[in-house]
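Heads up, coords_16.csv below (CSV, C-alpha atoms and all ligand atoms):
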```
chain,number,residue,atom,x,y,z
O,296,MET,CA,-136.3,144.3,106.3
O,297,LEU,CA,-134.6,141.0,105.5
O,298,GLU,CA,-131.4,143.0,104.8
O,299,ASP,CA,-131.3,143.7,108.6
O,300,LEU,CA,-130.7,140.0,109.4
O,301,PRO,CA,-127.5,139.4,111.4
O,302,VAL,CA,-124.4,138.6,109.4
O,303,ALA,CA,-124.5,135.1,108.1
O,304,ALA,CA,-121.6,133.3,109.7
O,305,GLY,CA,-122.5,129.6,109.5
O,306,SER,CA,-122.4,127.1,106.7
O,307,PHE,CA,-126.2,126.6,106.6
O,308,ALA,CA,-127.1,130.2,107.3
O,309,ARG,CA,-127.8,131.0,103.6
O,310,THR,CA,-130.1,128.0,103.2
O,311,ILE,CA,-132.2,129.2,106.2
O,312,ASP,CA,-132.2,132.8,104.9
O,313,GLN,CA,-133.4,131.7,101.5
O,314,HIS,CA,-136.3,129.9,103.2
O,315,MET,CA,-137.0,133.0,105.3
O,316,ARG,CA,-137.1,135.1,102.2
O,317,LEU,CA,-139.5,132.7,100.5
O,318,ILE,CA,-141.9,132.9,103.5
O,319,TYR,CA,-141.5,136.6,103.7
O,320,TRP,CA,-142.4,137.3,100.1
O,321,ILE,CA,-145.3,134.8,99.9
O,322,CYS,CA,-146.8,136.2,103.2
O,323,GLY,CA,-146.0,139.8,102.2
O,324,VAL,CA,-147.6,139.6,98.8
O,325,TRP,CA,-150.7,138.0,100.2
O,326,PHE,CA,-151.0,140.5,103.0
O,327,VAL,CA,-150.8,143.5,100.6
O,328,ALA,CA,-153.3,141.8,98.2
O,329,ALA,CA,-155.7,140.9,100.9
O,330,GLN,CA,-155.7,144.4,102.5
O,331,GLY,CA,-156.0,145.9,99.0
O,332,VAL,CA,-159.0,143.8,98.1
O,333,LEU,CA,-160.6,144.5,101.5
O,334,PHE,CA,-160.3,148.3,101.2
O,335,TYR,CA,-161.3,148.3,97.5
O,336,PHE,CA,-164.6,146.4,98.4
O,337,LEU,CA,-165.2,148.7,101.3
O,338,TRP,CA,-165.0,151.7,99.0
O,339,ARG,CA,-166.7,150.0,96.0
O,340,PHE,CA,-169.8,148.8,97.9
O,341,ARG,CA,-170.1,151.7,100.4
O,342,GLN,CA,-173.2,153.6,101.3
O,343,ARG,CA,-173.7,156.8,99.2
O,344,PRO,CA,-176.5,159.4,99.1
O,345,GLY,CA,-179.5,157.5,97.8
O,346,VAL,CA,-177.7,154.1,97.6
O,347,ARG,CA,-177.6,151.6,100.5
O,348,ALA,CA,-174.4,149.7,101.3
O,349,ALA,CA,-174.4,146.5,99.2
O,350,TRP,CA,-175.3,143.3,100.9
O,351,LEU,CA,-173.9,140.4,98.9
O,352,PRO,CA,-174.5,136.9,100.3
O,353,ALA,CA,-171.9,134.5,99.0
O,354,GLU,CA,-174.4,132.3,97.1
O,355,GLY,CA,-173.7,132.8,93.4
O,356,ARG,CA,-170.8,131.3,91.6
O,357,ARG,CA,-169.0,134.6,91.2
O,358,GLU,CA,-169.0,135.3,95.0
O,359,LEU,CA,-168.0,131.7,95.9
O,360,ALA,CA,-165.1,132.0,93.5
O,361,TRP,CA,-163.8,134.9,95.6
O,362,ILE,CA,-163.6,132.5,98.5
O,363,PHE,CA,-162.4,129.3,96.9
O,364,ALA,CA,-159.9,130.6,94.3
O,365,PRO,CA,-157.8,132.3,97.1
O,366,VAL,CA,-158.1,129.2,99.3
O,367,LEU,CA,-156.7,127.1,96.5
O,368,LEU,CA,-153.9,129.6,95.8
O,369,VAL,CA,-153.0,129.8,99.5
O,370,LEU,CA,-152.9,126.0,99.6
O,371,VAL,CA,-150.5,125.9,96.7
O,372,CYS,CA,-148.3,128.6,98.4
O,373,ASP,CA,-148.4,126.5,101.6
O,374,LEU,CA,-147.2,123.4,99.7
O,375,VAL,CA,-144.4,125.4,98.2
O,376,ILE,CA,-143.3,126.4,101.7
O,377,GLU,CA,-143.7,122.9,103.0
O,378,PHE,CA,-141.5,121.4,100.2
O,379,ASP,CA,-138.8,124.0,100.7
O,380,SER,CA,-138.8,123.6,104.5
O,381,ALA,CA,-138.4,119.8,104.0
O,382,ARG,CA,-135.3,120.6,101.9
O,383,VAL,CA,-133.9,122.9,104.6
O,384,TRP,CA,-134.7,120.4,107.4
O,385,ALA,CA,-132.9,117.6,105.5
O,386,ALA,CA,-129.9,119.8,104.9
O,387,VAL,CA,-129.6,121.2,108.5
O,388,LYS,CA,-131.1,118.5,110.8
O,389,GLU,CA,-130.8,115.2,109.0
O,390,HIS,CA,-127.5,115.2,107.2
O,391,ALA,CA,-125.0,116.3,109.8
O,392,PRO,CA,-121.5,116.1,108.3
O,393,GLU,CA,-118.8,114.4,110.3
O,394,ALA,CA,-117.5,116.7,113.0
O,395,SER,CA,-113.9,117.4,113.8
O,396,LEU,CA,-114.7,118.7,117.3
O,397,GLU,CA,-117.3,117.7,119.8
O,398,VAL,CA,-118.3,120.2,122.5
O,399,GLY,CA,-120.6,119.4,125.4
O,400,VAL,CA,-123.0,122.3,126.2
O,401,HIS,CA,-124.3,122.4,129.8
O,402,ALA,CA,-127.3,124.7,130.2
O,403,SER,CA,-128.5,125.6,133.6
O,404,GLN,CA,-130.5,128.4,135.3
O,405,PHE,CA,-129.0,130.8,134.2
O,406,ALA,CA,-125.6,130.1,132.6
O,407,TRP,CA,-123.9,128.3,129.8
O,408,GLU,CA,-120.9,126.1,130.4
O,409,TYR,CA,-118.9,124.4,127.6
O,410,GLN,CA,-117.1,121.1,128.0
O,411,TYR,CA,-114.1,120.5,125.7
O,412,PRO,CA,-112.3,117.3,124.9
O,413,GLY,CA,-108.6,117.5,126.0
O,414,PRO,CA,-105.7,116.3,123.8
O,415,ASP,CA,-107.3,112.8,123.4
O,416,GLY,CA,-110.1,114.4,121.4
O,417,ARG,CA,-112.8,112.6,123.4
O,418,LEU,CA,-115.4,113.9,125.8
O,419,ASP,CA,-115.9,112.6,129.3
O,420,THR,CA,-112.3,111.7,129.9
O,421,ALA,CA,-109.9,113.0,132.5
O,422,ASP,CA,-108.3,115.6,130.3
O,423,ASP,CA,-111.5,117.5,129.5
O,424,PHE,CA,-111.6,121.2,130.3
O,425,ARG,CA,-114.5,123.6,130.8
O,426,ALA,CA,-115.0,127.1,129.5
O,427,ARG,CA,-117.5,129.9,129.8
O,428,GLN,CA,-117.0,131.1,126.2
O,429,LEU,CA,-117.7,128.9,123.2
O,430,HIS,CA,-114.5,129.0,121.2
O,431,VAL,CA,-114.7,127.3,117.8
O,432,PRO,CA,-112.4,127.0,114.8
O,433,VAL,CA,-113.6,128.5,111.5
O,434,GLY,CA,-114.0,126.0,108.7
O,435,ARG,CA,-114.3,123.0,110.9
O,436,VAL,CA,-117.5,121.1,111.7
O,437,VAL,CA,-118.4,121.4,115.3
O,438,SER,CA,-120.9,118.9,116.9
O,439,LEU,CA,-122.7,120.1,120.1
O,440,ARG,CA,-123.9,117.6,122.7
O,441,LEU,CA,-126.6,119.5,124.5
O,442,GLU,CA,-127.6,118.9,128.1
O,443,SER,CA,-129.7,120.7,130.7
O,444,ARG,CA,-129.3,120.5,134.4
O,445,ASP,CA,-132.7,121.8,135.3
O,446,VAL,CA,-135.4,123.1,132.9
O,447,LEU,CA,-135.9,123.6,129.2
O,448,HIS,CA,-133.4,125.9,127.5
O,449,SER,CA,-132.6,126.6,123.9
O,450,ILE,CA,-129.3,127.5,122.5
O,451,PHE,CA,-129.5,130.3,119.9
O,452,VAL,CA,-126.6,131.9,118.0
O,453,PRO,CA,-128.3,134.2,115.5
O,454,GLN,CA,-125.2,134.7,113.3
O,455,LEU,CA,-125.0,130.9,112.7
O,456,ARG,CA,-128.8,130.6,112.3
O,457,LEU,CA,-128.4,127.9,115.0
O,458,LYS,CA,-131.2,127.2,117.4
O,459,GLN,CA,-131.9,124.0,119.3
O,460,ASP,CA,-134.0,123.3,122.3
O,461,ILE,CA,-132.3,121.6,125.2
O,462,VAL,CA,-134.4,119.1,127.2
O,463,PRO,CA,-133.5,118.0,130.7
O,464,GLY,CA,-132.9,114.2,130.9
O,465,ARG,CA,-131.9,114.0,127.2
O,466,GLN,CA,-128.7,114.4,125.2
O,467,LEU,CA,-129.6,116.3,122.0
O,468,ARG,CA,-127.2,117.0,119.1
O,469,SER,CA,-126.7,119.9,116.9
O,470,TRP,CA,-123.9,121.0,114.5
O,471,PHE,CA,-122.5,124.0,112.7
O,472,GLU,CA,-119.5,125.2,110.8
O,473,ALA,CA,-118.5,128.8,111.3
O,474,THR,CA,-117.6,130.3,108.0
O,475,ARG,CA,-116.0,133.6,109.3
O,476,GLU,CA,-114.2,134.9,112.3
O,477,GLY,CA,-116.1,136.9,114.8
O,478,THR,CA,-117.4,137.2,118.4
O,479,TRP,CA,-121.2,136.8,118.8
O,480,PRO,CA,-123.7,136.3,121.6
O,481,VAL,CA,-125.0,132.9,122.6
O,482,VAL,CA,-128.4,133.4,124.2
O,483,CYS,CA,-131.1,131.2,125.6
O,484,ALA,CA,-134.3,131.3,123.4
O,485,GLU,CA,-136.6,129.4,125.8
O,486,LEU,CA,-138.1,131.3,128.7
O,487,CYS,CA,-136.5,129.4,131.5
O,488,GLY,CA,-137.1,131.5,134.7
O,489,VAL,CA,-136.5,134.9,136.2
O,490,GLY,CA,-132.9,135.1,135.0
O,491,HIS,CA,-133.6,134.0,131.4
O,492,THR,CA,-132.6,137.4,130.0
O,493,PHE,CA,-129.2,137.2,131.6
O,494,MET,CA,-128.5,133.6,130.3
O,495,GLN,CA,-125.9,134.7,127.8
O,496,SER,CA,-122.4,133.9,126.8
O,497,THR,CA,-120.2,134.6,123.8
O,498,MET,CA,-119.0,132.5,120.9
O,499,VAL,CA,-115.6,133.2,119.5
O,500,ALA,CA,-115.1,131.9,116.0
O,501,GLU,CA,-111.4,132.1,115.2
O,502,ALA,CA,-108.8,130.8,112.8
O,503,ALA,CA,-108.1,127.1,113.3
O,504,ASP,CA,-104.5,127.7,114.5
O,505,THR,CA,-105.6,130.4,117.0
O,506,TYR,CA,-108.3,128.0,118.2
O,507,ASP,CA,-105.7,125.2,118.6
O,508,ARG,CA,-103.5,127.4,120.6
O,509,TRP,CA,-106.4,128.4,122.9
O,510,ALA,CA,-107.5,124.8,123.4
O,511,ALA,CA,-103.9,123.7,124.2
O,512,ALA,CA,-103.5,126.5,126.8
O,513,GLN,CA,-106.9,125.7,128.3
O,514,ALA,CA,-106.1,122.0,128.5
O,515,ALA,CA,-102.7,122.6,130.1
O,516,GLY,CA,-104.4,124.9,132.6
O,517,GLY,CA,-107.2,122.4,133.2
O,518,ALA,CA,-104.7,119.6,134.0
O,519,ARG,CA,-103.3,121.4,137.0
O,601,CU,CU,-132.4,129.2,129.6
```

Represent the structure of the file as structure tokens.
Ligand SMILES: [Cu+2]
Amino acid sequence: MLEDLPVAAGSFARTIDQHMRLIYWICGVWFVAAQGVLFYFLWRFRQRPGVRAAWLPAEGRRELAWIFAPVLLVLVCDLVIEFDSARVWAAVKEHAPEASLEVGVHASQFAWEYQYPGPDGRLDTADDFRARQLHVPVGRVVSLRLESRDVLHSIFVPQLRLKQDIVPGRQLRSWFEATREGTWPVVCAELCGVGHTFMQSTMVAEAADTYDRWAAAQAAGGAR
């Protein structure tokens, strides 16, 4: 099942996939074990001709051990997941590397718009240009400045394992570094109204020089 994950195209995609695998295996093993024990006990203590179904109140030590030993083991597994998720959170959310490109993302019902810095490399200046597709250079760190014009949205690019809520009235940050070229969907992962399903655009991750040419052409067009 985990082999069916979308292609990993972002620098922290593998870190997140490892965490997903850990949760998948811990929960999977527990699910199979719990169902196995349940069905074994159903069969073992069932009613038979001349024998009533067993009634075993959990009062003795042996019965209580069937409750508390798994509880303890589940707690240990939970702590393993917690520690690993703290590692992933620190790598993805707390230690953002310095970005070489900052893109403003404007979410609204029901569209995405991207604001690029012009030749001066800074957002919110006269040479900015806007685009409907998210073009990014492969191998460069991109910082996103996320804003919503109306309601809660969430930017989601499965191939990057990038997902971040966008809250009206706040400027939130997110970052990624595309590690391979490709064209992938950018979707909204927060139910934001009747047109939520159609709130999609595309991301084009391309070689740095191809990106530079695209950005230069856009900036020239935008300065008209
Ligand atoms: Cu939305």

Distance limit 12 Å, reference ligand CU 601 (chain O), atoms considered: all atoms listed in the file. Which residues make the cut? Give them as a PDB file with C-alpha atoms, in the frame of the given file.
```pdb
ATOM      1  CA  HIS O 401    -124.300 122.400 129.800  1.00  0.00           C
ATOM      2  CA  ALA O 402    -127.300 124.700 130.200  1.00  0.00           C
ATOM      3  CA  SER O 403    -128.500 125.600 133.600  1.00  0.00           C
ATOM      4  CA  GLN O 404    -130.500 128.400 135.300  1.00  0.00           C
ATOM      5  CA  PHE O 405    -129.000 130.800 134.200  1.00  0.00           C
ATOM      6  CA  ALA O 406    -125.600 130.100 132.600  1.00  0.00           C
ATOM      7  CA  TRP O 407    -123.900 128.300 129.800  1.00  0.00           C
ATOM      8  CA  GLU O 408    -120.900 126.100 130.400  1.00  0.00           C
ATOM      9  CA  GLU O 442    -127.600 118.900 128.100  1.00  0.00           C
ATOM     10  CA  SER O 443    -129.700 120.700 130.700  1.00  0.00           C
ATOM     11  CA  ARG O 444    -129.300 120.500 134.400  1.00  0.00           C
ATOM     12  CA  ASP O 445    -132.700 121.800 135.300  1.00  0.00           C
ATOM     13  CA  VAL O 446    -135.400 123.100 132.900  1.00  0.00           C
ATOM     14  CA  LEU O 447    -135.900 123.600 129.200  1.00  0.00           C
ATOM     15  CA  HIS O 448    -133.400 125.900 127.500  1.00  0.00           C
ATOM     16  CA  SER O 449    -132.600 126.600 123.900  1.00  0.00           C
ATOM     17  CA  ILE O 450    -129.300 127.500 122.500  1.00  0.00           C
ATOM     18  CA  PHE O 451    -129.500 130.300 119.900  1.00  0.00           C
ATOM     19  CA  GLN O 459    -131.900 124.000 119.300  1.00  0.00           C
ATOM     20  CA  ASP O 460    -134.000 123.300 122.300  1.00  0.00           C
ATOM     21  CA  ILE O 461    -132.300 121.600 125.200  1.00  0.00           C
ATOM     22  CA  VAL O 462    -134.400 119.100 127.200  1.00  0.00           C
ATOM     23  CA  PRO O 463    -133.500 118.000 130.700  1.00  0.00           C
ATOM     24  CA  VAL O 481    -125.000 132.900 122.600  1.00  0.00           C
ATOM     25  CA  VAL O 482    -128.400 133.400 124.200  1.00  0.00           C
ATOM     26  CA  CYS O 483    -131.100 131.200 125.600  1.00  0.00           C
ATOM     27  CA  ALA O 484    -134.300 131.300 123.400  1.00  0.00           C
ATOM     28  CA  GLU O 485    -136.600 129.400 125.800  1.00  0.00           C
ATOM     29  CA  LEU O 486    -138.100 131.300 128.700  1.00  0.00           C
ATOM     30  CA  CYS O 487    -136.500 129.400 131.500  1.00  0.00           C
ATOM     31  CA  GLY O 488    -137.100 131.500 134.700  1.00  0.00           C
ATOM     32  CA  VAL O 489    -136.500 134.900 136.200  1.00  0.00           C
ATOM     33  CA  GLY O 490    -132.900 135.100 135.000  1.00  0.00           C
ATOM     34  CA  HIS O 491    -133.600 134.000 131.400  1.00  0.00           C
ATOM     35  CA  THR O 492    -132.600 137.400 130.000  1.00  0.00           C
ATOM     36  CA  PHE O 493    -129.200 137.200 131.600  1.00  0.00           C
ATOM     37  CA  MET O 494    -128.500 133.600 130.300  1.00  0.00           C
ATOM     38  CA  GLN O 495    -125.900 134.700 127.800  1.00  0.00           C
ATOM     39  CA  SER O 496    -122.400 133.900 126.800  1.00  0.00           C
TER      40      SER O 496
END
```

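Comparing O:Phe326, O:Ala381, O:Gly516, O:Tyr409 by their smallest distance to O:Gln428, the closest is O:Tyr409 (using all atoms listed in the file).
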
What does the distance between atom CA of O:Ser469 and atom CA of O:Asp299 come to in Å, to one decimal place?
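Between these atoms lies a distance of 25.6 Å.
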
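Nearest-residue note for O:His430: choosing from O:Ser395, O:Thr310, O:Gln410, O:Ser380, the minimum distance belongs to O:Gln410, counting only C-alpha atoms.
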
Give me the residues near O:Arg440 as an mmCIF file with C-alpha atoms, in the frame of the given file, where near means some atom within 8 Å (using all atoms listed in the file) and where sequence neighbours in that chain fewer than 3 positions away do not count.
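Contents of out.cif, freshly written:
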```cif
data_model
loop_
_atom_site.group_PDB
_atom_site.id
_atom_site.type_symbol
_atom_site.label_atom_id
_atom_site.label_comp_id
_atom_site.auth_asym_id
_atom_site.auth_seq_id
_atom_site.Cartn_x
_atom_site.Cartn_y
_atom_site.Cartn_z
ATOM 1 C CA GLU O 397 -117.300 117.700 119.800
ATOM 2 C CA VAL O 398 -118.300 120.200 122.500
ATOM 3 C CA GLY O 399 -120.600 119.400 125.400
ATOM 4 C CA VAL O 400 -123.000 122.300 126.200
ATOM 5 C CA GLN O 466 -128.700 114.400 125.200
ATOM 6 C CA LEU O 467 -129.600 116.300 122.000
ATOM 7 C CA ARG O 468 -127.200 117.000 119.100
ATOM 8 C CA SER O 469 -126.700 119.900 116.900
#
```

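Counting from atom CA of O:Val431, the distance to atom CA of O:Ala500 is 5.0 Å.
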
Nearest to O:Val369: which of O:Val324, O:Lys388, O:Pro412, O:Arg341 is it, counting all atoms listed in the file?
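Using all atoms listed in the file, O:Val369 sits closest to O:Val324.
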
Compile the contact shell of O:Val383 as a PyMOL selection string: residues with an atom at most 10 Å away, counting all atoms listed in the file, same-chain residues fewer than 5 positions apart removed.
chain O and resi 307+310-311+313-314+377-378+388-389

Looking at only C-alpha atoms, which of O:Gly305, O:Val433, O:Pro480, O:Leu333 is the one that sits closest to O:Val452?
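Looking only at the distances to O:Val452, the closest residue turns out to be O:Pro480.
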
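When atom CA of O:Gly413 is paired with atom CA of O:Gly477, their separation reads 23.6 Å.
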
Step by step: start from the point (-127.5, 130.4, 104.5) in the file's coordinates, keep every protein, DNA or RNA residue that has an atom no farther than 12 Å from it, count all atoms listed in the file, and write the set as a PyMOL selection string.
chain O and resi 300-316+383+386-387+453-457+471-474

Could you check the closest approach to O:Trp509 for each of O:Arg475, O:Leu367, O:Asp419, O:Tyr411 and tell me which residue wins, using all atoms listed in the file?
O:Tyr411

With distances taken over only C-alpha atoms, which of O:Leu441, O:Glu358, O:Leu374, O:Pro432 is nearest to O:Glu501?
O:Pro432

Selected stretch 382-490 of chain O, written as a PDB file, in the first residue's frame, C-alpha atoms:
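Output saved as selection.pdb:
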```pdb
ATOM      1  CA  ARG O 382      12.158  14.697  14.819  1.00  0.00           C
ATOM      2  CA  VAL O 383      10.124  15.134  11.612  1.00  0.00           C
ATOM      3  CA  TRP O 384       8.452  18.317  12.865  1.00  0.00           C
ATOM      4  CA  ALA O 385      11.829  19.843  13.747  1.00  0.00           C
ATOM      5  CA  ALA O 386      13.250  18.956  10.319  1.00  0.00           C
ATOM      6  CA  VAL O 387      10.268  20.209   8.317  1.00  0.00           C
ATOM      7  CA  LYS O 388       8.658  22.990  10.328  1.00  0.00           C
ATOM      8  CA  GLU O 389      11.284  24.419  12.663  1.00  0.00           C
ATOM      9  CA  HIS O 390      14.531  24.432  10.725  1.00  0.00           C
ATOM     10  CA  ALA O 391      13.611  26.063   7.437  1.00  0.00           C
ATOM     11  CA  PRO O 392      16.772  26.553   5.352  1.00  0.00           C
ATOM     12  CA  GLU O 393      17.479  29.942   3.849  1.00  0.00           C
ATOM     13  CA  ALA O 394      15.388  30.394   0.719  1.00  0.00           C
ATOM     14  CA  SER O 395      16.640  31.617  -2.634  1.00  0.00           C
ATOM     15  CA  LEU O 396      13.117  32.437  -3.841  1.00  0.00           C
ATOM     16  CA  GLU O 397      10.089  33.770  -2.002  1.00  0.00           C
ATOM     17  CA  VAL O 398       6.654  33.299  -3.567  1.00  0.00           C
ATOM     18  CA  GLY O 399       3.451  34.832  -2.273  1.00  0.00           C
ATOM     19  CA  VAL O 400       0.493  32.439  -2.391  1.00  0.00           C
ATOM     20  CA  HIS O 401      -2.944  34.029  -2.510  1.00  0.00           C
ATOM     21  CA  ALA O 402      -5.762  31.613  -1.816  1.00  0.00           C
ATOM     22  CA  SER O 403      -9.353  32.583  -2.409  1.00  0.00           C
ATOM     23  CA  GLN O 404     -12.653  30.861  -3.119  1.00  0.00           C
ATOM     24  CA  PHE O 405     -11.820  28.985  -5.375  1.00  0.00           C
ATOM     25  CA  ALA O 406      -8.497  29.709  -6.987  1.00  0.00           C
ATOM     26  CA  TRP O 407      -4.773  29.969  -6.389  1.00  0.00           C
ATOM     27  CA  GLU O 408      -2.707  32.937  -7.429  1.00  0.00           C
ATOM     28  CA  TYR O 409       1.051  33.206  -7.106  1.00  0.00           C
ATOM     29  CA  GLN O 410       2.942  36.426  -6.605  1.00  0.00           C
ATOM     30  CA  TYR O 411       6.579  36.455  -7.729  1.00  0.00           C
ATOM     31  CA  PRO O 412       9.291  38.968  -6.999  1.00  0.00           C
ATOM     32  CA  GLY O 413      10.538  40.681 -10.124  1.00  0.00           C
ATOM     33  CA  PRO O 414      14.209  41.266 -10.963  1.00  0.00           C
ATOM     34  CA  ASP O 415      14.792  42.960  -7.590  1.00  0.00           C
ATOM     35  CA  GLY O 416      14.128  39.631  -5.847  1.00  0.00           C
ATOM     36  CA  ARG O 417      11.763  41.168  -3.309  1.00  0.00           C
ATOM     37  CA  LEU O 418       8.030  40.758  -2.876  1.00  0.00           C
ATOM     38  CA  ASP O 419       5.574  43.665  -2.722  1.00  0.00           C
ATOM     39  CA  THR O 420       7.530  45.934  -5.037  1.00  0.00           C
ATOM     40  CA  ALA O 421       6.471  47.447  -8.350  1.00  0.00           C
ATOM     41  CA  ASP O 422       8.168  44.798 -10.509  1.00  0.00           C
ATOM     42  CA  ASP O 423       6.263  41.840  -8.980  1.00  0.00           C
ATOM     43  CA  PHE O 424       4.349  39.625 -11.376  1.00  0.00           C
ATOM     44  CA  ARG O 425       1.506  37.203 -10.829  1.00  0.00           C
ATOM     45  CA  ALA O 426       0.912  33.719 -12.208  1.00  0.00           C
ATOM     46  CA  ARG O 427      -1.732  31.011 -12.138  1.00  0.00           C
ATOM     47  CA  GLN O 428       0.840  28.204 -12.195  1.00  0.00           C
ATOM     48  CA  LEU O 429       3.412  27.672  -9.481  1.00  0.00           C
ATOM     49  CA  HIS O 430       6.734  27.522 -11.334  1.00  0.00           C
ATOM     50  CA  VAL O 431       9.735  26.615  -9.189  1.00  0.00           C
ATOM     51  CA  PRO O 432      13.374  25.797  -9.854  1.00  0.00           C
ATOM     52  CA  VAL O 433      14.594  22.310  -8.922  1.00  0.00           C
ATOM     53  CA  GLY O 434      17.340  22.269  -6.286  1.00  0.00           C
ATOM     54  CA  ARG O 435      16.582  25.700  -4.845  1.00  0.00           C
ATOM     55  CA  VAL O 436      14.815  26.348  -1.570  1.00  0.00           C
ATOM     56  CA  VAL O 437      11.483  28.103  -2.091  1.00  0.00           C
ATOM     57  CA  SER O 438       9.756  29.951   0.713  1.00  0.00           C
ATOM     58  CA  LEU O 439       5.997  30.414   0.497  1.00  0.00           C
ATOM     59  CA  ARG O 440       4.201  33.346   2.077  1.00  0.00           C
ATOM     60  CA  LEU O 441       0.639  32.133   2.446  1.00  0.00           C
ATOM     61  CA  GLU O 442      -2.376  34.404   2.584  1.00  0.00           C
ATOM     62  CA  SER O 443      -6.112  33.894   2.233  1.00  0.00           C
ATOM     63  CA  ARG O 444      -8.598  36.478   1.034  1.00  0.00           C
ATOM     64  CA  ASP O 445     -11.633  34.859   2.561  1.00  0.00           C
ATOM     65  CA  VAL O 446     -11.815  31.545   4.434  1.00  0.00           C
ATOM     66  CA  LEU O 447      -9.527  28.771   5.629  1.00  0.00           C
ATOM     67  CA  HIS O 448      -7.695  26.993   2.818  1.00  0.00           C
ATOM     68  CA  SER O 449      -4.819  24.544   2.837  1.00  0.00           C
ATOM     69  CA  ILE O 450      -2.138  24.211   0.210  1.00  0.00           C
ATOM     70  CA  PHE O 451      -1.358  20.593  -0.617  1.00  0.00           C
ATOM     71  CA  VAL O 452       1.198  19.262  -3.093  1.00  0.00           C
ATOM     72  CA  PRO O 453       1.259  15.495  -2.509  1.00  0.00           C
ATOM     73  CA  GLN O 454       4.493  14.920  -4.450  1.00  0.00           C
ATOM     74  CA  LEU O 455       6.341  17.363  -2.181  1.00  0.00           C
ATOM     75  CA  ARG O 456       4.562  16.038   0.940  1.00  0.00           C
ATOM     76  CA  LEU O 457       3.781  19.714   1.472  1.00  0.00           C
ATOM     77  CA  LYS O 458       0.622  20.699   3.284  1.00  0.00           C
ATOM     78  CA  GLN O 459      -0.043  23.879   5.195  1.00  0.00           C
ATOM     79  CA  ASP O 460      -3.247  25.533   6.318  1.00  0.00           C
ATOM     80  CA  ILE O 461      -3.811  29.121   5.225  1.00  0.00           C
ATOM     81  CA  VAL O 462      -5.620  31.327   7.699  1.00  0.00           C
ATOM     82  CA  PRO O 463      -7.341  34.586   6.735  1.00  0.00           C
ATOM     83  CA  GLY O 464      -5.794  37.571   8.491  1.00  0.00           C
ATOM     84  CA  ARG O 465      -2.438  35.881   8.976  1.00  0.00           C
ATOM     85  CA  GLN O 466       0.717  35.456   6.923  1.00  0.00           C
ATOM     86  CA  LEU O 467       1.976  31.909   7.329  1.00  0.00           C
ATOM     87  CA  ARG O 468       5.194  30.453   6.003  1.00  0.00           C
ATOM     88  CA  SER O 469       6.111  27.201   4.451  1.00  0.00           C
ATOM     89  CA  TRP O 470       9.093  25.996   2.445  1.00  0.00           C
ATOM     90  CA  PHE O 471      10.217  23.206   0.159  1.00  0.00           C
ATOM     91  CA  GLU O 472      12.932  22.245  -2.248  1.00  0.00           C
ATOM     92  CA  ALA O 473      11.840  20.313  -5.323  1.00  0.00           C
ATOM     93  CA  THR O 474      14.301  17.525  -6.048  1.00  0.00           C
ATOM     94  CA  ARG O 475      13.104  16.476  -9.490  1.00  0.00           C
ATOM     95  CA  GLU O 476      11.448  17.976 -12.507  1.00  0.00           C
ATOM     96  CA  GLY O 477       7.746  17.427 -13.057  1.00  0.00           C
ATOM     97  CA  THR O 478       4.274  18.896 -13.237  1.00  0.00           C
ATOM     98  CA  TRP O 479       2.010  18.159 -10.315  1.00  0.00           C
ATOM     99  CA  PRO O 480      -1.346  19.292  -8.950  1.00  0.00           C
ATOM    100  CA  VAL O 481      -1.643  21.935  -6.268  1.00  0.00           C
ATOM    101  CA  VAL O 482      -4.929  21.364  -4.466  1.00  0.00           C
ATOM    102  CA  CYS O 483      -6.824  22.778  -1.527  1.00  0.00           C
ATOM    103  CA  ALA O 484      -7.025  20.345   1.381  1.00  0.00           C
ATOM    104  CA  GLU O 485      -9.442  22.344   3.522  1.00  0.00           C
ATOM    105  CA  LEU O 486     -13.149  22.177   2.721  1.00  0.00           C
ATOM    106  CA  CYS O 487     -13.632  25.832   1.817  1.00  0.00           C
ATOM    107  CA  GLY O 488     -17.027  26.010   0.111  1.00  0.00           C
ATOM    108  CA  VAL O 489     -19.042  24.626  -2.795  1.00  0.00           C
ATOM    109  CA  GLY O 490     -16.189  25.057  -5.294  1.00  0.00           C
TER     110      GLY O 490
END
```
